[in-house]
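One file, structure_24.tsv, is given below (TSV, C-alpha atoms).
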chain	number	residue	atom	x	y	z
A	224	MET	CA	147.89	-87.96	-119.46
A	225	ARG	CA	150.85	-85.91	-118.26
A	226	ARG	CA	151.10	-88.01	-115.10
A	227	LYS	CA	151.24	-91.17	-117.18
A	228	LEU	CA	154.05	-89.72	-119.26
A	229	ILE	CA	156.00	-88.78	-116.11
A	230	TRP	CA	156.01	-92.45	-115.05
A	231	LEU	CA	156.41	-93.82	-118.55
A	232	VAL	CA	159.66	-92.00	-119.41
A	233	PRO	CA	161.73	-93.46	-116.49
A	234	ALA	CA	160.28	-96.92	-117.18
A	235	LEU	CA	161.29	-96.72	-120.84
A	236	PHE	CA	164.72	-95.40	-119.90
A	237	GLY	CA	165.21	-98.28	-117.47
A	238	ALA	CA	164.11	-100.78	-120.10
A	239	VAL	CA	166.58	-99.37	-122.61
A	240	LEU	CA	169.42	-99.53	-120.08
A	241	SER	CA	168.52	-103.15	-119.30
A	242	LEU	CA	168.59	-104.06	-122.97
A	243	VAL	CA	171.95	-102.34	-123.46
A	244	PHE	CA	173.38	-104.17	-120.43
A	245	LEU	CA	172.08	-107.53	-121.63
A	246	ALA	CA	173.46	-106.90	-125.11
A	247	TYR	CA	176.85	-105.94	-123.66
A	248	THR	CA	177.14	-108.93	-121.34
A	249	GLY	CA	175.68	-111.30	-123.93
A	250	MET	CA	178.75	-110.82	-126.11
A	251	TYR	CA	181.53	-112.69	-124.34
A	252	TYR	CA	184.50	-114.98	-124.93
A	253	HIS	CA	183.54	-118.63	-124.97
A	254	ALA	CA	185.61	-121.50	-123.62
A	255	ASP	CA	187.05	-123.63	-126.41
A	256	THR	CA	186.88	-127.42	-126.71
A	257	GLN	CA	190.20	-127.93	-124.92
A	258	ALA	CA	188.89	-125.99	-121.94
A	259	LEU	CA	185.73	-128.06	-121.79
A	260	ALA	CA	187.79	-131.26	-121.88
A	261	ALA	CA	189.61	-130.11	-118.73
A	262	LEU	CA	186.29	-130.24	-116.86
A	263	GLU	CA	186.41	-134.03	-117.00
A	264	THR	CA	187.51	-136.01	-113.95
A	265	ASP	CA	190.64	-138.13	-114.40
A	266	GLU	CA	192.71	-140.44	-112.21
A	267	ASN	CA	194.35	-137.55	-110.31
A	268	VAL	CA	191.77	-134.75	-110.29
A	269	THR	CA	188.08	-134.92	-109.49
A	270	VAL	CA	186.12	-132.08	-111.10
A	271	THR	CA	182.76	-131.26	-109.55
A	272	LYS	CA	180.12	-128.72	-110.59
A	273	THR	CA	179.04	-126.72	-107.55
A	274	ASP	CA	176.67	-123.92	-106.60
A	275	TYR	CA	179.45	-121.36	-107.06
A	276	GLY	CA	181.05	-122.87	-110.17
A	277	TRP	CA	183.58	-125.73	-110.30
A	278	TYR	CA	185.81	-127.51	-107.79
A	279	PHE	CA	189.09	-129.14	-108.89
A	280	ASP	CA	190.11	-131.63	-106.21
A	281	GLY	CA	193.53	-133.21	-106.66
A	282	PRO	CA	196.03	-134.78	-104.25
A	283	ALA	CA	196.65	-131.45	-102.46
A	284	GLU	CA	195.80	-131.19	-98.78
A	285	GLU	CA	197.41	-127.87	-97.82
A	286	ASN	CA	196.73	-125.31	-100.57
A	287	VAL	CA	193.64	-124.17	-102.45
A	288	LEU	CA	193.06	-121.31	-104.89
A	289	VAL	CA	189.75	-119.45	-105.26
A	290	PHE	CA	189.83	-118.14	-108.83
A	291	TYR	CA	187.86	-115.23	-110.32
A	292	PRO	CA	187.65	-115.22	-114.17
A	293	GLY	CA	188.30	-112.22	-116.40
A	294	ALA	CA	185.53	-109.89	-117.52
A	295	LYS	CA	183.20	-111.26	-120.19
A	296	VAL	CA	185.05	-114.57	-120.29
A	297	GLU	CA	183.25	-117.87	-119.78
A	298	GLU	CA	184.62	-119.20	-116.50
A	299	THR	CA	185.27	-122.67	-117.88
A	300	ALA	CA	187.95	-121.19	-120.15
A	301	TYR	CA	190.29	-121.38	-117.14
A	302	ALA	CA	189.68	-125.09	-116.53
A	303	PRO	CA	192.96	-126.25	-118.16
A	304	LEU	CA	195.10	-124.04	-115.91
A	305	LEU	CA	193.21	-124.95	-112.74
A	306	HIS	CA	193.13	-128.64	-113.61
A	307	ARG	CA	196.91	-128.49	-114.05
A	308	LEU	CA	197.31	-126.80	-110.66
A	309	ALA	CA	195.12	-129.38	-108.94
A	310	ASP	CA	197.05	-132.21	-110.58
A	311	ASN	CA	200.31	-130.85	-109.17
A	312	GLY	CA	199.51	-129.80	-105.64
A	313	MET	CA	197.07	-126.89	-105.44
A	314	ASP	CA	193.33	-127.50	-105.54
A	315	ALA	CA	191.11	-124.86	-107.08
A	316	CYS	CA	187.62	-123.37	-106.83
A	317	LEU	CA	186.58	-121.73	-110.11
A	318	VAL	CA	183.91	-119.10	-109.51
A	319	LYS	CA	181.10	-118.41	-111.97
A	320	MET	CA	180.33	-114.69	-111.88
A	321	PRO	CA	176.99	-112.94	-112.50
A	322	PHE	CA	176.87	-111.92	-116.16
A	323	ARG	CA	180.56	-112.97	-116.32
A	324	LEU	CA	181.62	-109.82	-114.46
A	325	ALA	CA	183.60	-110.30	-111.26
A	326	VAL	CA	182.72	-106.78	-110.16
A	327	LEU	CA	179.17	-108.10	-109.59
A	328	GLY	CA	180.35	-111.04	-107.45
A	329	ALA	CA	183.50	-109.89	-105.68
A	330	GLY	CA	182.35	-111.32	-102.34
A	331	LYS	CA	181.61	-114.83	-103.61
A	332	ALA	CA	184.78	-116.25	-102.04
A	333	ALA	CA	183.15	-115.97	-98.62
A	334	LYS	CA	180.57	-118.62	-99.53
A	335	ILE	CA	182.77	-121.45	-100.76
A	336	PRO	CA	182.68	-124.31	-98.22
A	337	GLU	CA	185.40	-126.35	-99.95
A	338	THR	CA	188.11	-124.04	-98.61
A	339	ALA	CA	187.39	-124.83	-94.96
A	340	ASP	CA	189.81	-127.73	-94.52
A	341	TYR	CA	192.88	-126.22	-96.21
A	342	ALA	CA	195.78	-124.73	-94.28
A	343	ASN	CA	196.44	-122.10	-96.94
A	344	VAL	CA	193.67	-120.39	-98.88
A	345	TYR	CA	194.71	-118.17	-101.78
A	346	ILE	CA	192.47	-115.95	-103.84
A	347	GLY	CA	193.28	-114.83	-107.33
A	348	GLY	CA	192.08	-114.25	-110.83
A	349	HIS	CA	192.67	-112.98	-114.31
A	350	SER	CA	192.40	-109.33	-115.40
A	351	LEU	CA	189.30	-107.75	-113.81
A	352	GLY	CA	188.78	-110.97	-111.88
A	353	GLY	CA	192.24	-110.54	-110.38
A	354	ALA	CA	191.54	-106.94	-109.42
A	355	MET	CA	188.33	-107.97	-107.65
A	356	ALA	CA	190.14	-110.85	-105.93
A	357	ALA	CA	192.76	-108.40	-104.67
A	358	ASN	CA	190.03	-106.10	-103.34
A	359	TYR	CA	188.50	-109.03	-101.48
A	360	ALA	CA	191.89	-109.93	-100.02
A	361	ALA	CA	192.44	-106.36	-98.84
A	362	ASP	CA	189.30	-106.63	-96.70
A	363	HIS	CA	189.73	-110.27	-95.57
A	364	ALA	CA	193.45	-110.68	-94.96
A	365	ASP	CA	192.87	-112.72	-91.81
A	366	GLU	CA	191.10	-115.42	-93.86
A	367	LEU	CA	193.77	-115.81	-96.54
A	368	SER	CA	197.39	-116.75	-97.10
A	369	GLY	CA	197.91	-114.85	-100.31
A	370	VAL	CA	196.81	-113.41	-103.64
A	371	ILE	CA	197.62	-114.68	-107.14
A	372	LEU	CA	197.14	-112.16	-109.94
A	373	LEU	CA	197.28	-112.99	-113.63
A	374	ALA	CA	197.54	-109.86	-115.79
A	375	ALA	CA	196.06	-107.82	-112.95
A	376	TYR	CA	197.07	-105.46	-110.15
A	377	PRO	CA	195.84	-104.45	-106.68
A	378	THR	CA	194.06	-101.13	-106.14
A	379	LYS	CA	193.86	-101.35	-102.35
A	380	GLU	CA	196.60	-101.95	-99.82
A	381	LEU	CA	197.32	-105.62	-99.12
A	382	ASP	CA	198.33	-106.67	-95.63
A	383	ASP	CA	201.98	-107.63	-95.20
A	384	ASP	CA	200.86	-110.97	-93.78
A	385	LEU	CA	199.67	-111.85	-97.28
A	386	GLN	CA	201.81	-113.21	-100.08
A	387	LEU	CA	201.35	-111.77	-103.58
A	388	ILE	CA	202.25	-113.62	-106.76
A	389	SER	CA	201.86	-111.42	-109.85
A	390	ILE	CA	202.26	-112.92	-113.33
A	391	TYR	CA	201.79	-111.37	-116.76
A	392	GLY	CA	202.96	-111.92	-120.32
A	393	SER	CA	205.61	-109.88	-122.11
A	394	GLU	CA	203.28	-109.47	-125.12
A	395	ASP	CA	200.18	-108.40	-123.17
A	396	GLY	CA	198.38	-105.76	-125.22
A	397	VAL	CA	195.48	-105.28	-122.81
A	398	LEU	CA	197.10	-104.84	-119.40
A	399	ASN	CA	197.76	-101.21	-118.43
A	400	MET	CA	201.40	-101.28	-117.37
A	401	GLU	CA	201.20	-97.84	-115.76
A	402	LYS	CA	198.52	-99.16	-113.44
A	403	VAL	CA	200.61	-102.26	-112.75
A	404	LYS	CA	203.42	-99.95	-111.70
A	405	ASP	CA	201.06	-97.86	-109.55
A	406	GLY	CA	199.71	-101.06	-108.00
A	407	GLY	CA	203.15	-101.72	-106.55
A	408	GLN	CA	202.41	-99.26	-103.77
A	409	TYR	CA	199.70	-101.61	-102.48
A	410	ALA	CA	201.79	-104.79	-102.69
A	411	PRO	CA	202.85	-106.58	-99.48
A	412	GLU	CA	206.47	-107.26	-98.57
A	413	GLN	CA	206.15	-110.87	-99.74
A	414	THR	CA	205.68	-110.18	-103.43
A	415	VAL	CA	206.84	-112.22	-106.40
A	416	GLU	CA	206.50	-110.71	-109.87
A	417	GLN	CA	207.12	-112.88	-112.93
A	418	ILE	CA	206.91	-112.03	-116.62
A	419	ILE	CA	206.22	-114.88	-119.02
A	420	ALA	CA	208.36	-114.34	-122.13
A	421	GLY	CA	206.14	-114.50	-125.20
A	422	GLY	CA	202.90	-114.67	-123.26
A	423	ASN	CA	199.93	-112.39	-123.86
A	424	HIS	CA	196.72	-111.43	-122.05
A	425	ALA	CA	194.31	-114.07	-123.30
A	426	TYR	CA	196.44	-117.19	-123.03
A	427	PHE	CA	195.97	-117.65	-119.28
A	428	GLY	CA	192.68	-119.15	-120.43
A	429	ASP	CA	191.44	-121.05	-123.46
A	430	TYR	CA	189.00	-118.72	-125.17
A	431	GLY	CA	190.83	-117.66	-128.31
A	432	GLU	CA	192.18	-114.25	-129.21
A	433	GLN	CA	191.09	-111.15	-127.28
A	434	LYS	CA	190.36	-107.74	-128.78
A	435	GLY	CA	193.24	-105.33	-128.26
A	436	ASP	CA	195.69	-108.05	-127.26
A	437	SER	CA	199.07	-108.62	-128.93
A	438	GLU	CA	200.03	-111.85	-130.66
A	439	ALA	CA	201.70	-114.34	-128.33
A	440	ARG	CA	205.00	-115.95	-129.22
A	441	ILE	CA	204.12	-119.11	-127.28
A	442	THR	CA	201.04	-121.31	-127.18
A	443	ALA	CA	198.29	-121.03	-124.57
A	444	GLN	CA	199.34	-124.43	-123.23
A	445	GLU	CA	202.94	-123.26	-122.80
A	446	GLN	CA	201.80	-120.08	-121.04
A	447	GLN	CA	199.58	-122.03	-118.67
A	448	GLU	CA	202.30	-124.59	-117.96
A	449	GLU	CA	204.72	-121.82	-116.99
A	450	THR	CA	202.06	-120.05	-114.96
A	451	ALA	CA	201.33	-123.20	-112.96
A	452	GLU	CA	205.04	-123.77	-112.37
A	453	ILE	CA	205.53	-120.23	-111.06
A	454	ILE	CA	202.55	-120.52	-108.73
A	455	LEU	CA	203.51	-123.93	-107.36
A	456	GLU	CA	207.13	-122.89	-106.83
A	457	ASN	CA	206.13	-119.86	-104.78
A	458	VAL	CA	203.02	-120.68	-102.74
A	459	ASP	CA	203.29	-121.24	-99.02
A	460	ARG	CA	206.71	-119.62	-98.62
A	461	ASN	CA	205.81	-117.54	-95.60
Please, can you express the file's structure as structure tokens?
Amino acid sequence: MRRKLIWLVPALFGAVLSLVFLAYTGMYYHADTQALAALETDENVTVTKTDYGWYFDGPAEENVLVFYPGAKVEETAYAPLLHRLADNGMDACLVKMPFRLAVLGAGKAAKIPETADYANVYIGGHSLGGAMAANYAADHADELSGVILLAAYPTKELDDDLQLISIYGSEDGVLNMEKVKDGGQYAPEQTVEQIIAGGNHAYFGDYGEQKGDSEARITAQEQQEETAEIILENVDRN
């Protein structure tokens, strides 16, 4: 009987941990109807569901962005921003993460075949997704042209051959600004930092309000429009 109890306790503990994890990851921010509409193909951008997530194929031939979503955010919430980028000169690969946590799929960029024919491959993401994208870039600098961080910061040194574009909102109530400042020590020489006046943490995507965030003074559409403009104005300036 004692032997059975010795094996039973760890099994029960593991089961409880699994239930807690599933409960935690099961509560996430859902893409809204506007985001889902941006998954539709139009005359300029072909949107395709893939093994890794979604591919936004516009008129671009030189630049592509591999995008990691924020923690506990449905990846399709970023479809409007990426559709806008693809429509204006930068194709995008939107990565679906295990349990919507980029920390569990940080190496997924290595298995995206759509990036093979582009001259410049950028990796980026929002919040935790951005941090994981930066970590990937730190270990694969020879495969990339740059990193695009939305309300995120690097935690490992980025090679000076990489370009870094860092964007966040002035009203962001989630981003730790002390860590953003500390992340500057890991930034490459080619770094562009832009603050979107009135923008907050959540409005890089379309998933509603986020716990702990501050109220934005602009709309999500306006924040995404400005974000796309900043990215497109600064990519491939090596």
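The coordinates place CA of Val296 in chain A at 14.2 Å from CA of Val397 in chain A.
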If you count all atoms listed in the file, which residues fall within 8 Å of Gln417 in chain A, apart from same-chain ones fewer than 6 positions away, as number ranges by chain?
A: 388-391, 453
In Å, rounded to a single decimal, give me how far CA of Asn267 in chain A is from CA of Pro282 in chain A.
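Spanning CA of Pro282 in chain A to CA of Asn267 in chain A is a straight-line distance of 6.9 Å.
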With a distance cut-off of 9 Å and all atoms listed in the file, select the neighbouring residues of range 331-335 of chain A, excluding the residue or stretch itself and same-chain residues fewer than 6 positions from it, and output the selection as a ChimeraX atom specification.
/A:274-275,289-291,316,318,320,346,356,359
Only C-alpha atoms, please: the residues just picked out, written as a compact mmCIF listing (two decimals), in the frame of the given file.
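selection23.txt was written with the following content:
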# COMPACT_ATOMS: atom_id res chain seq x y z
CA ASP A 274 176.67 -123.92 -106.60
CA TYR A 275 179.45 -121.36 -107.06
CA VAL A 289 189.75 -119.45 -105.26
CA PHE A 290 189.83 -118.14 -108.83
CA TYR A 291 187.86 -115.23 -110.32
CA CYS A 316 187.62 -123.37 -106.83
CA VAL A 318 183.91 -119.10 -109.51
CA MET A 320 180.33 -114.69 -111.88
CA ILE A 346 192.47 -115.95 -103.84
CA ALA A 356 190.14 -110.85 -105.93
CA TYR A 359 188.50 -109.03 -101.48
Ala374 in chain A: which residues within 8 Å, counting all atoms listed in the file, same-chain residues fewer than 3 positions away excluded, as number ranges by chain?
A: 349-350, 353, 389-392, 395, 398, 424
For the atom pair CA of Val403 in chain A and CA of Leu373 in chain A, what is the interatomic distance in Å to one decimal place?
11.3 Å
Can you pull out every residue within 12 Å of Glu337 in chain A, counting all atoms listed in the file, but drop anything in the same chain fewer than 3 positions away, and send it as a PDB file with C-alpha atoms, in the frame of the given file?
ATOM      1  CA  THR A 271     182.760-131.260-109.550  1.00  0.00           C
ATOM      2  CA  THR A 273     179.040-126.720-107.550  1.00  0.00           C
ATOM      3  CA  ASP A 274     176.670-123.920-106.600  1.00  0.00           C
ATOM      4  CA  TYR A 275     179.450-121.360-107.060  1.00  0.00           C
ATOM      5  CA  GLY A 276     181.050-122.870-110.170  1.00  0.00           C
ATOM      6  CA  TRP A 277     183.580-125.730-110.300  1.00  0.00           C
ATOM      7  CA  TYR A 278     185.810-127.510-107.790  1.00  0.00           C
ATOM      8  CA  PHE A 279     189.090-129.140-108.890  1.00  0.00           C
ATOM      9  CA  ASP A 280     190.110-131.630-106.210  1.00  0.00           C
ATOM     10  CA  GLU A 284     195.800-131.190 -98.780  1.00  0.00           C
ATOM     11  CA  ASN A 286     196.730-125.310-100.570  1.00  0.00           C
ATOM     12  CA  VAL A 287     193.640-124.170-102.450  1.00  0.00           C
ATOM     13  CA  LEU A 288     193.060-121.310-104.890  1.00  0.00           C
ATOM     14  CA  VAL A 289     189.750-119.450-105.260  1.00  0.00           C
ATOM     15  CA  ASP A 314     193.330-127.500-105.540  1.00  0.00           C
ATOM     16  CA  ALA A 315     191.110-124.860-107.080  1.00  0.00           C
ATOM     17  CA  CYS A 316     187.620-123.370-106.830  1.00  0.00           C
ATOM     18  CA  LEU A 317     186.580-121.730-110.110  1.00  0.00           C
ATOM     19  CA  ALA A 332     184.780-116.250-102.040  1.00  0.00           C
ATOM     20  CA  ALA A 333     183.150-115.970 -98.620  1.00  0.00           C
ATOM     21  CA  LYS A 334     180.570-118.620 -99.530  1.00  0.00           C
ATOM     22  CA  ASP A 340     189.810-127.730 -94.520  1.00  0.00           C
ATOM     23  CA  TYR A 341     192.880-126.220 -96.210  1.00  0.00           C
ATOM     24  CA  ALA A 342     195.780-124.730 -94.280  1.00  0.00           C
ATOM     25  CA  VAL A 344     193.670-120.390 -98.880  1.00  0.00           C
TER      26      VAL A 344
END
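Distances here use all atoms listed in the file; by that measure, the residue among A:Thr414, A:Gln446, A:Gln408, A:Thr264 closest to Leu372 in chain A is A:Thr414.
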Residues near Arg323 in chain A, anyone? I mean within 9 Å using all atoms listed in the file, not counting same-chain ones fewer than 5 positions away, as a VMD selection string.
chain A and resid 248 251 292 to 298
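A cut-off of 10 Å from the point (196.9, -130.5, -109.6), with only C-alpha atoms, picks out the residues A:Asn267, A:Val268, A:Thr269, A:Phe279, A:Asp280, A:Gly281, A:Pro282, A:Ala283, A:Leu304, A:Leu305, A:His306, A:Arg307, A:Leu308, A:Ala309, A:Asp310, A:Asn311, A:Gly312, A:Met313, A:Asp314, A:Ala315, A:Ala451, A:Leu455.
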For a quick check of understanding, using only C-alpha atoms, which of A:Gln447, A:Ser368, A:Asn399, A:Ser393 has the smallest distance to Gly421 in chain A?
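Checking each candidate against Gly421 in chain A, we get A:Ser393 as the closest.
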